[in-house]
file final14.cif (mmCIF, C-alpha atoms and all ligand atoms)
data_upload
#
loop_
_atom_site.label_atom_id
_atom_site.label_comp_id
_atom_site.auth_asym_id
_atom_site.auth_seq_id
_atom_site.Cartn_x
_atom_site.Cartn_y
_atom_site.Cartn_z
CA MET A 236 165.41 186.60 142.47
CA GLU A 237 162.06 188.24 141.71
CA LYS A 238 160.65 190.94 144.01
CA LYS A 239 157.73 193.39 144.02
CA ILE A 240 158.47 196.90 145.20
CA THR A 241 155.98 199.73 145.67
CA VAL A 242 157.54 203.09 144.85
CA LEU A 243 156.11 206.20 146.53
CA PRO A 244 157.84 209.30 145.09
CA GLY A 245 155.88 211.85 147.16
CA ASP A 246 156.58 215.58 147.00
CA GLY A 247 159.30 218.17 146.39
CA ILE A 248 162.62 216.51 145.61
CA GLY A 249 161.03 213.10 146.38
CA PRO A 250 160.30 212.25 142.70
CA GLU A 251 163.78 213.49 141.64
CA VAL A 252 165.78 211.37 144.08
CA ILE A 253 163.46 208.39 143.53
CA ALA A 254 164.11 208.51 139.77
CA SER A 255 167.85 208.21 140.50
CA ALA A 256 167.41 205.39 143.01
CA VAL A 257 165.18 203.42 140.62
CA ARG A 258 167.79 203.69 137.86
CA VAL A 259 170.44 202.31 140.22
CA LEU A 260 168.09 199.52 141.37
CA GLN A 261 167.42 198.48 137.77
CA VAL A 262 171.10 198.42 136.88
CA ILE A 263 171.79 196.20 139.90
CA GLY A 264 168.94 193.92 138.76
CA LYS A 265 170.45 193.64 135.29
CA ARG A 266 173.94 192.97 136.56
CA PHE A 267 173.00 190.35 139.20
CA ASN A 268 170.08 188.79 137.28
CA HIS A 269 167.21 189.86 139.50
CA THR A 270 163.82 191.10 138.37
CA PHE A 271 162.36 193.97 140.34
CA HIS A 272 158.70 194.62 139.55
CA LEU A 273 157.91 198.23 140.38
CA GLY A 274 154.47 199.68 141.04
CA TYR A 275 154.03 203.42 141.58
CA ALA A 276 151.49 204.90 143.99
CA ALA A 277 150.62 208.24 145.56
CA ILE A 278 151.39 209.47 149.08
CA GLY A 279 151.61 212.84 150.84
CA GLY A 280 150.76 216.09 149.10
CA ALA A 281 150.57 214.42 145.70
CA ALA A 282 147.91 212.06 147.08
CA ILE A 283 146.01 214.92 148.74
CA ASP A 284 145.85 216.73 145.39
CA GLN A 285 144.69 213.62 143.54
CA PHE A 286 142.53 211.78 146.10
CA ASN A 287 142.02 214.25 148.98
CA ASN A 288 143.76 211.68 151.20
CA PRO A 289 147.50 211.59 152.11
CA LEU A 290 147.44 207.77 152.18
CA PRO A 291 144.77 206.41 149.79
CA ASN A 292 143.50 202.82 150.14
CA GLU A 293 144.86 202.01 146.68
CA THR A 294 148.34 202.86 147.96
CA ILE A 295 148.00 200.70 151.08
CA GLN A 296 146.74 197.79 148.99
CA MET A 297 149.63 197.99 146.54
CA CYS A 298 152.09 198.11 149.46
CA GLU A 299 150.41 195.09 151.08
CA GLN A 300 151.04 193.08 147.93
CA SER A 301 154.72 194.07 147.81
CA ASP A 302 157.93 192.76 149.33
CA ALA A 303 159.18 196.25 150.20
CA ILE A 304 158.40 199.96 149.85
CA LEU A 305 160.71 202.67 148.53
CA LEU A 306 159.70 206.22 149.48
CA GLY A 307 161.03 209.65 148.48
CA ALA A 308 159.74 212.39 150.79
CA VAL A 309 156.49 214.16 151.62
CA GLY A 310 155.45 217.68 152.49
CA GLY A 311 155.66 221.23 151.24
CA PRO A 312 154.38 224.78 151.80
CA LYS A 313 151.32 224.16 149.62
CA TRP A 314 149.81 221.91 152.31
CA ASP A 315 151.29 223.50 155.46
CA ASN A 316 148.03 225.13 156.53
CA ASN A 317 145.87 222.05 155.97
CA PRO A 318 144.12 220.44 158.96
CA THR A 319 146.14 217.65 160.65
CA HIS A 320 144.35 214.79 158.85
CA LEU A 321 144.96 216.38 155.45
CA ARG A 322 148.69 217.01 155.85
CA PRO A 323 151.26 215.10 153.74
CA GLU A 324 153.16 214.09 156.91
CA LYS A 325 150.03 212.31 158.15
CA GLY A 326 150.33 209.87 155.23
CA LEU A 327 153.88 208.98 156.23
CA LEU A 328 152.96 208.49 159.89
CA GLN A 329 149.97 206.34 158.87
CA ILE A 330 151.96 204.07 156.57
CA ARG A 331 154.58 203.47 159.29
CA LYS A 332 151.81 202.65 161.79
CA HIS A 333 149.73 200.55 159.38
CA PHE A 334 152.66 198.24 158.67
CA ASP A 335 153.89 198.31 162.32
CA LEU A 336 157.34 199.48 161.20
CA PHE A 337 158.53 200.18 164.71
CA ALA A 338 162.30 200.05 164.15
CA ASN A 339 163.88 202.86 162.14
CA LEU A 340 167.56 202.24 161.43
CA ARG A 341 169.53 205.34 160.52
CA PRO A 342 173.21 204.58 159.90
CA VAL A 343 175.66 207.49 159.99
CA LYS A 344 178.95 206.67 158.32
CA ALA A 345 181.64 209.19 157.40
CA PHE A 346 182.81 208.84 153.79
CA PRO A 347 186.55 209.71 153.74
CA SER A 348 186.12 211.89 150.62
CA LEU A 349 183.36 213.93 152.28
CA LEU A 350 185.37 214.96 155.35
CA ALA A 351 186.18 218.31 153.76
CA SER A 352 182.43 218.92 153.25
CA SER A 353 181.70 218.62 156.98
CA PRO A 354 181.91 221.71 159.18
CA LEU A 355 183.47 219.46 161.85
CA LYS A 356 187.24 219.06 162.13
CA ARG A 357 188.58 216.13 160.13
CA GLU A 358 189.85 214.35 163.25
CA VAL A 359 186.38 214.59 164.86
CA ALA A 360 184.38 213.32 161.88
CA GLU A 361 186.71 210.69 160.44
CA ASN A 362 186.00 207.00 161.06
CA VAL A 363 182.54 207.73 162.46
CA ASP A 364 180.33 204.67 162.05
CA LEU A 365 177.24 204.73 164.22
CA MET A 366 173.65 203.53 163.98
CA ILE A 367 170.70 205.43 165.37
CA VAL A 368 167.87 203.04 166.23
CA ARG A 369 164.78 205.21 166.42
CA GLU A 370 161.44 203.92 167.79
CA LEU A 371 159.01 204.85 165.01
CA THR A 372 155.42 203.99 165.88
CA GLY A 373 154.95 205.28 169.43
CA GLY A 374 155.64 208.22 171.71
CA ILE A 375 154.42 211.77 171.26
CA TYR A 376 153.83 211.28 167.51
CA PHE A 377 150.89 208.97 168.16
CA GLY A 378 149.74 209.46 171.80
CA GLU A 379 146.15 210.38 172.73
CA PRO A 380 144.66 212.76 173.73
CA ARG A 381 145.76 215.20 171.12
CA LYS A 382 143.91 218.44 170.59
CA LYS A 383 144.27 222.05 169.60
CA THR A 384 142.02 225.02 170.16
CA ALA A 385 142.92 228.68 169.72
CA GLN A 386 143.64 228.89 173.47
CA ALA A 387 145.53 225.67 174.21
CA ALA A 388 146.91 222.51 172.64
CA VAL A 389 147.88 219.09 173.92
CA ASP A 390 150.08 216.26 172.65
CA THR A 391 150.60 213.11 174.68
CA CYS A 392 153.73 211.00 175.01
CA VAL A 393 152.83 207.37 175.78
CA TYR A 394 154.99 204.24 175.72
CA SER A 395 153.93 200.75 176.77
CA ARG A 396 156.52 198.38 178.22
CA GLU A 397 156.03 196.11 175.22
CA GLU A 398 156.76 198.91 172.73
CA ILE A 399 159.99 199.73 174.53
CA GLU A 400 161.03 196.09 174.90
CA ARG A 401 160.86 195.30 171.20
CA ILE A 402 162.92 198.29 170.04
CA VAL A 403 165.47 197.81 172.83
CA ASP A 404 165.84 194.12 171.90
CA ASN A 405 166.37 195.17 168.31
CA ALA A 406 169.11 197.62 169.32
CA PHE A 407 170.88 195.06 171.53
CA GLU A 408 170.86 192.52 168.68
CA LEU A 409 172.37 195.11 166.34
CA ALA A 410 175.02 196.17 168.87
CA ARG A 411 176.01 192.53 169.23
CA LEU A 412 176.63 192.32 165.46
CA ARG A 413 178.63 195.57 165.49
CA ARG A 414 181.14 196.82 168.11
CA GLY A 415 179.10 195.74 171.15
CA LYS A 416 178.32 199.22 172.49
CA LEU A 417 174.84 200.59 173.17
CA CYS A 418 173.96 204.12 174.24
CA SER A 419 170.36 204.52 175.36
CA VAL A 420 169.13 208.11 175.12
CA ASP A 421 166.31 209.48 177.25
CA LYS A 422 165.19 212.36 179.46
CA ALA A 423 164.81 210.28 182.64
CA ASN A 424 165.53 213.30 184.86
CA VAL A 425 162.15 214.73 183.78
CA LEU A 426 159.89 212.28 181.91
CA ASP A 427 158.10 209.17 183.20
CA THR A 428 158.15 207.56 179.74
CA SER A 429 161.95 207.91 179.91
CA ARG A 430 162.08 206.36 183.39
CA LEU A 431 160.19 203.31 182.10
CA TRP A 432 162.50 203.26 179.06
CA ARG A 433 165.58 203.22 181.31
CA GLU A 434 164.12 200.43 183.50
CA VAL A 435 163.50 198.26 180.43
CA VAL A 436 167.06 198.79 179.16
CA GLU A 437 168.42 197.85 182.60
CA GLU A 438 166.36 194.63 182.63
CA LYS A 439 167.21 193.72 179.05
CA LYS A 440 170.93 194.18 179.46
CA LYS A 441 171.04 191.03 181.64
CA SER A 442 170.23 189.03 178.49
CA TYR A 443 173.05 190.64 176.52
CA PRO A 444 176.14 190.41 178.77
CA ASP A 445 178.37 190.87 175.70
CA VAL A 446 177.01 194.40 175.09
CA GLN A 447 178.35 197.39 177.00
CA VAL A 448 175.49 199.75 177.93
CA GLU A 449 175.37 203.42 178.89
CA HIS A 450 172.43 205.72 179.61
CA ASN A 451 172.63 209.35 178.58
CA LEU A 452 170.28 212.31 178.68
CA VAL A 453 169.19 213.63 175.28
CA ASP A 454 170.40 217.21 175.79
CA SER A 455 173.87 215.97 176.66
CA VAL A 456 173.93 213.53 173.72
CA ALA A 457 172.99 216.36 171.35
CA MET A 458 176.27 217.98 172.40
CA LYS A 459 178.46 214.85 172.51
CA LEU A 460 177.26 213.59 169.14
CA ILE A 461 178.96 216.59 167.57
CA THR A 462 182.02 216.91 169.83
CA ASN A 463 182.86 213.20 170.01
CA PRO A 464 180.82 211.19 167.45
CA GLY A 465 183.48 208.47 167.31
CA HIS A 466 182.41 207.41 170.80
CA TYR A 467 179.11 205.95 169.54
CA ASP A 468 178.24 202.57 168.08
CA VAL A 469 174.48 201.92 168.46
CA VAL A 470 172.27 204.72 169.81
CA VAL A 471 168.73 203.70 170.75
CA THR A 472 166.03 206.23 171.50
CA GLU A 473 162.35 207.14 171.35
CA ASN A 474 160.57 208.55 168.32
CA MET A 475 161.05 212.32 168.59
CA PHE A 476 164.55 212.28 170.09
CA GLY A 477 165.62 209.96 167.25
CA ASP A 478 164.15 212.31 164.65
CA ILE A 479 166.10 215.27 165.99
CA LEU A 480 169.39 213.49 166.69
CA SER A 481 169.53 211.94 163.23
CA ASP A 482 169.30 215.27 161.38
CA GLU A 483 171.97 216.56 163.76
CA ALA A 484 174.20 213.54 163.08
CA SER A 485 174.03 214.22 159.33
CA VAL A 486 176.33 217.19 159.91
CA ILE A 487 179.14 214.72 160.65
CA THR A 488 178.87 213.27 157.14
CA GLY A 489 178.72 216.61 155.34
CA SER A 490 175.07 216.61 154.25
CA LEU A 491 171.60 215.42 155.15
CA GLY A 492 171.55 214.30 151.53
CA VAL A 493 173.61 211.18 152.24
CA LEU A 494 171.72 209.59 155.16
CA PRO A 495 169.56 206.56 154.29
CA SER A 496 167.08 204.74 156.51
CA ALA A 497 165.23 201.44 156.89
CA SER A 498 161.93 201.11 158.74
CA ILE A 499 161.43 197.47 159.67
CA ARG A 500 159.42 195.22 162.00
CA GLY A 501 161.37 192.00 162.43
CA ASP A 502 160.37 190.08 159.28
CA ASN A 503 161.57 190.72 155.73
CA PHE A 504 159.15 193.53 154.93
CA GLY A 505 160.37 197.12 155.19
CA LEU A 506 160.00 200.72 154.06
CA TYR A 507 163.14 202.45 152.83
CA GLU A 508 163.52 206.21 152.62
CA PRO A 509 166.12 208.94 152.96
CA VAL A 510 166.28 210.69 156.35
CA HIS A 511 165.79 214.08 154.68
CA GLY A 512 162.54 215.71 153.66
CA SER A 513 161.12 217.16 150.46
CA ALA A 514 163.47 220.20 150.46
CA PRO A 515 160.90 222.46 148.73
CA GLU A 516 163.36 225.32 148.21
CA ILE A 517 165.52 223.26 145.84
CA ALA A 518 162.75 221.10 144.30
CA GLY A 519 162.41 221.17 140.52
CA GLN A 520 165.96 222.41 139.95
CA GLY A 521 167.57 219.01 139.40
CA ILE A 522 170.25 219.65 142.02
CA ALA A 523 169.15 217.42 144.95
CA ASN A 524 171.58 214.86 146.27
CA PRO A 525 170.20 211.38 145.43
CA ALA A 526 172.81 209.52 147.56
CA ALA A 527 170.55 209.06 150.60
CA THR A 528 167.82 207.43 148.49
CA ILE A 529 170.31 205.33 146.50
CA LEU A 530 171.82 204.12 149.80
CA SER A 531 168.28 203.39 151.05
CA VAL A 532 167.96 201.01 148.08
CA ALA A 533 171.13 199.29 149.33
CA MET A 534 169.48 198.91 152.75
CA MET A 535 166.40 197.41 151.08
CA LEU A 536 168.51 194.87 149.20
CA GLN A 537 170.28 193.91 152.41
CA TYR A 538 167.49 193.94 154.99
CA SER A 539 164.44 192.87 152.97
CA PHE A 540 166.00 190.66 150.28
CA GLY A 541 169.21 189.42 151.96
CA LEU A 542 171.23 190.57 148.92
CA LYS A 543 174.45 191.53 150.70
CA GLU A 544 176.76 191.57 147.69
CA GLU A 545 174.39 193.75 145.68
CA ALA A 546 174.00 196.18 148.61
CA ALA A 547 177.77 196.38 149.03
CA GLU A 548 178.17 197.11 145.32
CA ILE A 549 175.89 200.16 145.59
CA GLU A 550 177.80 201.43 148.63
CA ARG A 551 181.10 200.86 146.85
CA ALA A 552 179.94 202.72 143.74
CA VAL A 553 178.64 205.73 145.73
CA SER A 554 181.89 205.90 147.66
CA ALA A 555 183.98 205.62 144.47
CA VAL A 556 182.12 208.53 142.85
CA PHE A 557 182.85 210.70 145.91
CA ASP A 558 186.48 209.53 145.79
CA ASP A 559 186.63 210.69 142.16
CA GLY A 560 185.69 214.19 143.35
CA TYR A 561 182.13 214.31 142.03
CA PHE A 562 179.54 215.95 144.27
CA THR A 563 176.11 217.52 144.16
CA ALA A 564 175.81 221.17 145.25
CA ASP A 565 175.07 220.40 148.93
CA LEU A 566 178.50 218.77 149.28
CA ALA A 567 180.46 221.05 146.95
CA GLN A 568 184.06 221.46 148.02
CA ASP A 569 186.50 223.97 146.57
CA GLY A 570 187.85 222.83 143.22
CA THR A 571 185.46 219.94 142.84
CA ARG A 572 183.09 219.22 140.05
CA VAL A 573 179.50 220.00 140.98
CA LEU A 574 177.05 217.76 139.16
CA SER A 575 173.28 217.75 138.80
CA THR A 576 171.18 214.95 140.31
CA ASP A 577 171.08 213.09 136.99
CA GLU A 578 174.75 213.60 136.14
CA TRP A 579 175.82 212.36 139.56
CA THR A 580 173.54 209.32 139.18
CA ASP A 581 175.11 208.64 135.76
CA LYS A 582 178.51 208.43 137.50
CA VAL A 583 177.21 205.87 140.00
CA ILE A 584 175.63 203.78 137.24
CA ASN A 585 178.78 204.00 135.17
CA GLU A 586 180.79 202.83 138.17
CA ILE A 587 178.54 199.75 138.58
CA ASP A 588 178.63 198.99 134.83
CA THR A 589 182.39 199.43 134.59
CA SER A 590 183.13 197.11 137.48
CA PHE A 591 180.83 194.57 135.77
CA VAL A 592 182.82 194.72 132.53
CA SER A 593 186.11 194.34 134.40
CA ASP A 594 184.90 191.45 136.64
P1 LIG B 1 164.40 218.92 154.62
O1 LIG B 1 165.06 217.67 155.08
O2 LIG B 1 163.48 218.80 153.47
O3 LIG B 1 165.52 220.00 154.27
C1 LIG B 1 166.47 220.48 155.24
C2 LIG B 1 167.65 221.15 154.50
O4 LIG B 1 168.46 220.15 153.87
C3 LIG B 1 167.22 222.10 153.40
O5 LIG B 1 168.17 223.15 153.32
C4 LIG B 1 167.33 221.24 152.15
O6 LIG B 1 167.54 221.98 150.97
C5 LIG B 1 168.50 220.33 152.46
N1 LIG B 1 168.37 219.01 151.85
C6 LIG B 1 167.57 218.00 152.27
N2 LIG B 1 167.70 216.94 151.48
C7 LIG B 1 168.59 217.26 150.53
C8 LIG B 1 169.13 216.58 149.40
N3 LIG B 1 168.79 215.32 149.12
N4 LIG B 1 170.03 217.23 148.63
C9 LIG B 1 170.40 218.48 148.91
N5 LIG B 1 169.93 219.18 149.95
C10 LIG B 1 169.03 218.59 150.75
O7 LIG B 1 163.66 219.52 155.90
P2 LIG B 1 162.65 220.78 156.02
O8 LIG B 1 163.04 221.84 155.06
O9 LIG B 1 162.56 221.07 157.43
O10 LIG B 1 161.25 220.17 155.57
C11 LIG B 1 160.67 220.35 154.29
C12 LIG B 1 159.43 219.48 154.16
O11 LIG B 1 159.80 218.10 154.21
C13 LIG B 1 158.42 219.67 155.30
O12 LIG B 1 157.15 219.66 154.73
C14 LIG B 1 158.63 218.47 156.19
O13 LIG B 1 157.49 218.08 156.89
C15 LIG B 1 159.02 217.42 155.18
N6 LIG B 1 159.83 216.31 155.70
C16 LIG B 1 159.54 215.08 155.19
C17 LIG B 1 160.32 213.98 155.54
C18 LIG B 1 160.00 212.65 154.95
O14 LIG B 1 159.23 212.57 154.02
N7 LIG B 1 160.58 211.57 155.45
C19 LIG B 1 161.41 214.16 156.39
C20 LIG B 1 161.69 215.45 156.88
C21 LIG B 1 160.90 216.51 156.51
C1 LIG B 2 161.46 211.98 159.27
C2 LIG B 2 160.51 213.15 159.16
C3 LIG B 2 159.13 212.74 159.64
C4 LIG B 2 159.23 212.41 161.12
C5 LIG B 2 157.99 213.77 159.42
C6 LIG B 2 157.94 214.27 158.02
C7 LIG B 2 156.67 213.19 159.82
O1 LIG B 2 161.00 214.27 159.84
O2 LIG B 2 161.18 210.92 158.68
O3 LIG B 2 162.52 212.11 159.89
O4 LIG B 2 159.21 213.30 161.98
O5 LIG B 2 159.34 211.20 161.42
MN MN B 3 163.08 214.04 160.46
#

call {"tool": "encode", "arguments": {"input": "final14.cif", "output": "structure tokens"}}
result
Amino acid sequence: MEKKITVLPGDGIGPEVIASAVRVLQVIGKRFNHTFHLGYAAIGGAAIDQFNNPLPNETIQMCEQSDAILLGAVGGPKWDNNPTHLRPEKGLLQIRKHFDLFANLRPVKAFPSLLASSPLKREVAENVDLMIVRELTGGIYFGEPRKKTAQAAVDTCVYSREEIERIVDNAFELARLRRGKLCSVDKANVLDTSRLWREVVEEKKKSYPDVQVEHNLVDSVAMKLITNPGHYDVVVTENMFGDILSDEASVITGSLGVLPSASIRGDNFGLYEPVHGSAPEIAGQGIANPAATILSVAMMLQYSFGLKEEAAEIERAVSAVFDDGYFTADLAQDGTRVLSTDEWTDKVINEIDTSFVSD
């Protein structure tokens, strides 16, 4: 198979974790006889510095000619006081909107060897396997009017029925392929957008009689996700609730550094990125955990290219390296070997190569 991928390293630890993920992608290509053509482009703070634009036209054009996008992370203190249109985060929001990537899949799976890295009790975190389906191109992130003066500021949360229908359909389809349970998260006791959201879920559930549905308020889910994460299969929610709940859910796994994501729209195209940000305080030290970005490559192989075996091989290799007791600093357990970003990536690559030799 031959595929074109646009790589957007971004800021902070973005370029570090992307370098690891690209190495793993190339080794998978070699082993399974695929050619991945990579083109690099600028986004976020790096693009502001170079082009005075967090999402330059050149970047959009390269992405348009690609089969998928792999992104590191954007943002950092250097640009925090910039006006809204010149912030790194604006580039990320624009690229999601430009390509209509409305469905953000954020799987949260407990690795057995990471249970000791989680602050949760082993019996609470073990066997967790849930999927947060986050609406990504609507809600308060994009609503108008939006304005700030020194005296007041306004953001607007808007959802059309159509926007809710397509993400809810997506979540039902996923639940059907998994354990058949869907939890819809809203704030219907306060917000009208949530009331419409709940109505749509109620209507849609008639078309999916095989899926068991529950509605829950976001404040309560924030608590239950930590006290009883094993209860959840697919969790579907609006843009901002999904952002917050997914960082919270990373605690179950032991680190934000292991959560991957796929942003898709119903065809084969997609943008793949870790859930975490640019982690400026550890950038440049070579200690970031590349697992989330490596696992995002696995999601790309699966969702955009249909390469299930290749995706499974990446997941197996990552898991095997954890099982061997190798961790980056964020996951460090007593008595374990703490590796740098590159050393840990070497272990994953070695694992893939070794299983090739022994096949
Ligand atoms: P963050 O996700 O960058 O970091 C949160 C915490 O997790 C920090 O302690 C960080 O050191 C740690 N962490 C994150 N990823 C890690 C990794 N791979 N390995 C080890 N430790 C890791 O969130 P933040 O500090 O709130 O935000 C920093 C910047 O990132 C901000 O500018 C924010 O806007 C941006 N951000 C970007 C994205 C994105 O590009 N998708 C996502 C979230 C935040
Ligand atoms: C994420 C990030 C982004 C978001 C920011 C950086 C715009 O937190 O991808 O989770 O809020 O969507
Ligand atoms: Mn986030």

call {"tool": "residues_around", "arguments": {"input": "final14.cif", "residues": "A:Asn268", "least_positions_apart": "5", "cutoff": "12 Å", "atoms": "all atoms listed in the file", "output": "PyMOL selection string"}}
result
chain A and resi 236-238+260-263+542+545

call {"tool": "closest_atom_pairs", "arguments": {"input": "final14.cif", "of": "stretch 258-374 of chain A", "to": "stretch 481-499 of chain A", "cutoff": "6 Å", "atoms": "only C-alpha atoms", "output": "JSON lines"}}
result
{"residue": "A:Leu336", "atom": "CA", "partner": "A:Ile499", "partner_atom": "CA", "distance": 4.8}
{"residue": "A:Ala338", "atom": "CA", "partner": "A:Ile499", "partner_atom": "CA", "distance": 5.2}
{"residue": "A:Asn339", "atom": "CA", "partner": "A:Ser498", "partner_atom": "CA", "distance": 4.3}
{"residue": "A:Leu340", "atom": "CA", "partner": "A:Ala497", "partner_atom": "CA", "distance": 5.2}
{"residue": "A:Arg341", "atom": "CA", "partner": "A:Ser496", "partner_atom": "CA", "distance": 4.7}
{"residue": "A:Ala345", "atom": "CA", "partner": "A:Thr488", "partner_atom": "CA", "distance": 4.9}
{"residue": "A:Ser352", "atom": "CA", "partner": "A:Gly489", "partner_atom": "CA", "distance": 4.8}
{"residue": "A:Ser353", "atom": "CA", "partner": "A:Gly489", "partner_atom": "CA", "distance": 4.0}
{"residue": "A:Ala360", "atom": "CA", "partner": "A:Ile487", "partner_atom": "CA", "distance": 5.6}

call {"tool": "write_last_selection", "arguments": {"input": "final14.cif", "atoms": "C-alpha atoms", "output": "compact mmCIF listing (two decimals), in the frame of the given file"}}
result
# COMPACT_ATOMS: atom_id res chain seq x y z
CA LEU A 336 157.34 199.48 161.20
CA ALA A 338 162.30 200.05 164.15
CA ASN A 339 163.88 202.86 162.14
CA LEU A 340 167.56 202.24 161.43
CA ARG A 341 169.53 205.34 160.52
CA ALA A 345 181.64 209.19 157.40
CA SER A 352 182.43 218.92 153.25
CA SER A 353 181.70 218.62 156.98
CA ALA A 360 184.38 213.32 161.88

call {"tool": "residues_near_ligand", "arguments": {"input": "final14.cif", "ligand": "ligand LIG 2 (chain B)", "cutoff": "7 Å", "atoms": "all atoms listed in the file", "output": "list in words"}}
result
Val309, Gly310, Glu324, Lys325, Leu327, Leu328, Met475, Asp478, Val510, His511 and Gly512 of chain A

call {"tool": "closest_residue", "arguments": {"input": "final14.cif", "among": "A:Ala308, A:Ile253, A:Ile584, A:Val389", "to": "ligand LIG 1 (chain B)", "atoms": "all atoms listed in the file"}}
result
A:Ala308

call {"tool": "residues_around", "arguments": {"input": "final14.cif", "residues": "stretch 362-375 of chain A", "least_positions_apart": "6", "cutoff": "9 Å", "atoms": "all atoms listed in the file", "output": "PyMOL selection string"}}
result
chain A and resi 328+331-332+335-347+390-395+398-399+402-403+405-406+409-410+428+464-478+480-481+487-488+498

call {"tool": "atom_distance", "arguments": {"input": "final14.cif", "atom1": "atom CA of A:Ile304", "atom2": "atom CA of A:Met535"}}
result
8.5 Å

call {"tool": "residues_around", "arguments": {"input": "final14.cif", "residues": "A:Glu251", "least_positions_apart": "4", "cutoff": "8 Å", "atoms": "all atoms listed in the file", "output": "list of chain:residue names"}}
result
A:Ser255, A:Gly519, A:Gly521, A:Ala523, A:Pro525, A:Thr576

call {"tool": "residues_around", "arguments": {"input": "final14.cif", "residues": "A:Trp579", "least_positions_apart": "5", "cutoff": "8 Å", "atoms": "all atoms listed in the file", "output": "MDAnalysis selection string"}}
result
chainID A and resid 561:563 574

call {"tool": "residues_around", "arguments": {"input": "final14.cif", "residues": "stretch 449-461 of chain A", "least_positions_apart": "4", "cutoff": "6 Å", "atoms": "only C-alpha atoms", "output": "number ranges by chain"}}
result
A: 418-422

call {"tool": "closest_residue", "arguments": {"input": "final14.cif", "among": "A:Gly501, A:Arg413, A:Gly245, A:Phe407", "to": "A:Lys441", "atoms": "only C-alpha atoms"}}
result
A:Phe407

call {"tool": "atom_distance", "arguments": {"input": "final14.cif", "atom1": "atom CA of A:Lys582", "atom2": "atom CA of A:Ala256"}}
result
12.8 Å

call {"tool": "atom_distance", "arguments": {"input": "final14.cif", "atom1": "atom CA of A:Lys239", "atom2": "atom CA of A:Cys298"}}
result
9.1 Å

call {"tool": "residues_near_point", "arguments": {"input": "final14.cif", "point": "(171.5, 196.0, 147.1)", "cutoff": "9 Å", "atoms": "only C-alpha atoms", "output": "PDB file with C-alpha atoms, keeping the file's coordinate frame"}}
result
ATOM      1  CA  LEU A 260     168.090 199.520 141.370  1.00  0.00           C
ATOM      2  CA  ILE A 263     171.790 196.200 139.900  1.00  0.00           C
ATOM      3  CA  GLY A 264     168.940 193.920 138.760  1.00  0.00           C
ATOM      4  CA  LEU A 530     171.820 204.120 149.800  1.00  0.00           C
ATOM      5  CA  SER A 531     168.280 203.390 151.050  1.00  0.00           C
ATOM      6  CA  VAL A 532     167.960 201.010 148.080  1.00  0.00           C
ATOM      7  CA  ALA A 533     171.130 199.290 149.330  1.00  0.00           C
ATOM      8  CA  MET A 534     169.480 198.910 152.750  1.00  0.00           C
ATOM      9  CA  MET A 535     166.400 197.410 151.080  1.00  0.00           C
ATOM     10  CA  LEU A 536     168.510 194.870 149.200  1.00  0.00           C
ATOM     11  CA  GLN A 537     170.280 193.910 152.410  1.00  0.00           C
ATOM     12  CA  PHE A 540     166.000 190.660 150.280  1.00  0.00           C
ATOM     13  CA  GLY A 541     169.210 189.420 151.960  1.00  0.00           C
ATOM     14  CA  LEU A 542     171.230 190.570 148.920  1.00  0.00           C
ATOM     15  CA  LYS A 543     174.450 191.530 150.700  1.00  0.00           C
ATOM     16  CA  GLU A 544     176.760 191.570 147.690  1.00  0.00           C
ATOM     17  CA  GLU A 545     174.390 193.750 145.680  1.00  0.00           C
ATOM     18  CA  ALA A 546     174.000 196.180 148.610  1.00  0.00           C
ATOM     19  CA  ALA A 547     177.770 196.380 149.030  1.00  0.00           C
ATOM     20  CA  GLU A 548     178.170 197.110 145.320  1.00  0.00           C
ATOM     21  CA  ILE A 549     175.890 200.160 145.590  1.00  0.00           C
ATOM     22  CA  GLU A 550     177.800 201.430 148.630  1.00  0.00           C
TER      23      GLU A 550
END

call {"tool": "closest_residue", "arguments": {"input": "final14.cif", "among": "A:Ile240, A:Ala254, A:Leu349, A:Val583", "to": "A:Gln300", "atoms": "all atoms listed in the file"}}
result
A:Ile240

call {"tool": "closest_residue", "arguments": {"input": "final14.cif", "among": "A:Ala387, A:Ala303, A:Ile522, A:Ile587", "to": "A:Asn503", "atoms": "only C-alpha atoms"}}
result
A:Ala303

call {"tool": "closest_residue", "arguments": {"input": "final14.cif", "among": "A:Gln568, A:Phe267, A:Glu586, A:Ala277", "to": "A:Pro354", "atoms": "all atoms listed in the file"}}
result
A:Gln568

call {"tool": "closest_residue", "arguments": {"input": "final14.cif", "among": "A:Gly247, A:Pro380, A:Pro323, A:Pro509", "to": "ligand MN 3 (chain B)", "atoms": "all atoms listed in the file"}}
result
A:Pro509

call {"tool": "axis_aligned_box", "arguments": {"input": "final14.cif", "around": "stretch 401-413 of chain A", "padding_each_side": "4 Å", "output": "AutoDock Vina command-line options"}}
result
--center_x 169.7 --center_y 195.3 --center_z 169.1 --size_x 25.8 --size_y 14.0 --size_z 15.4
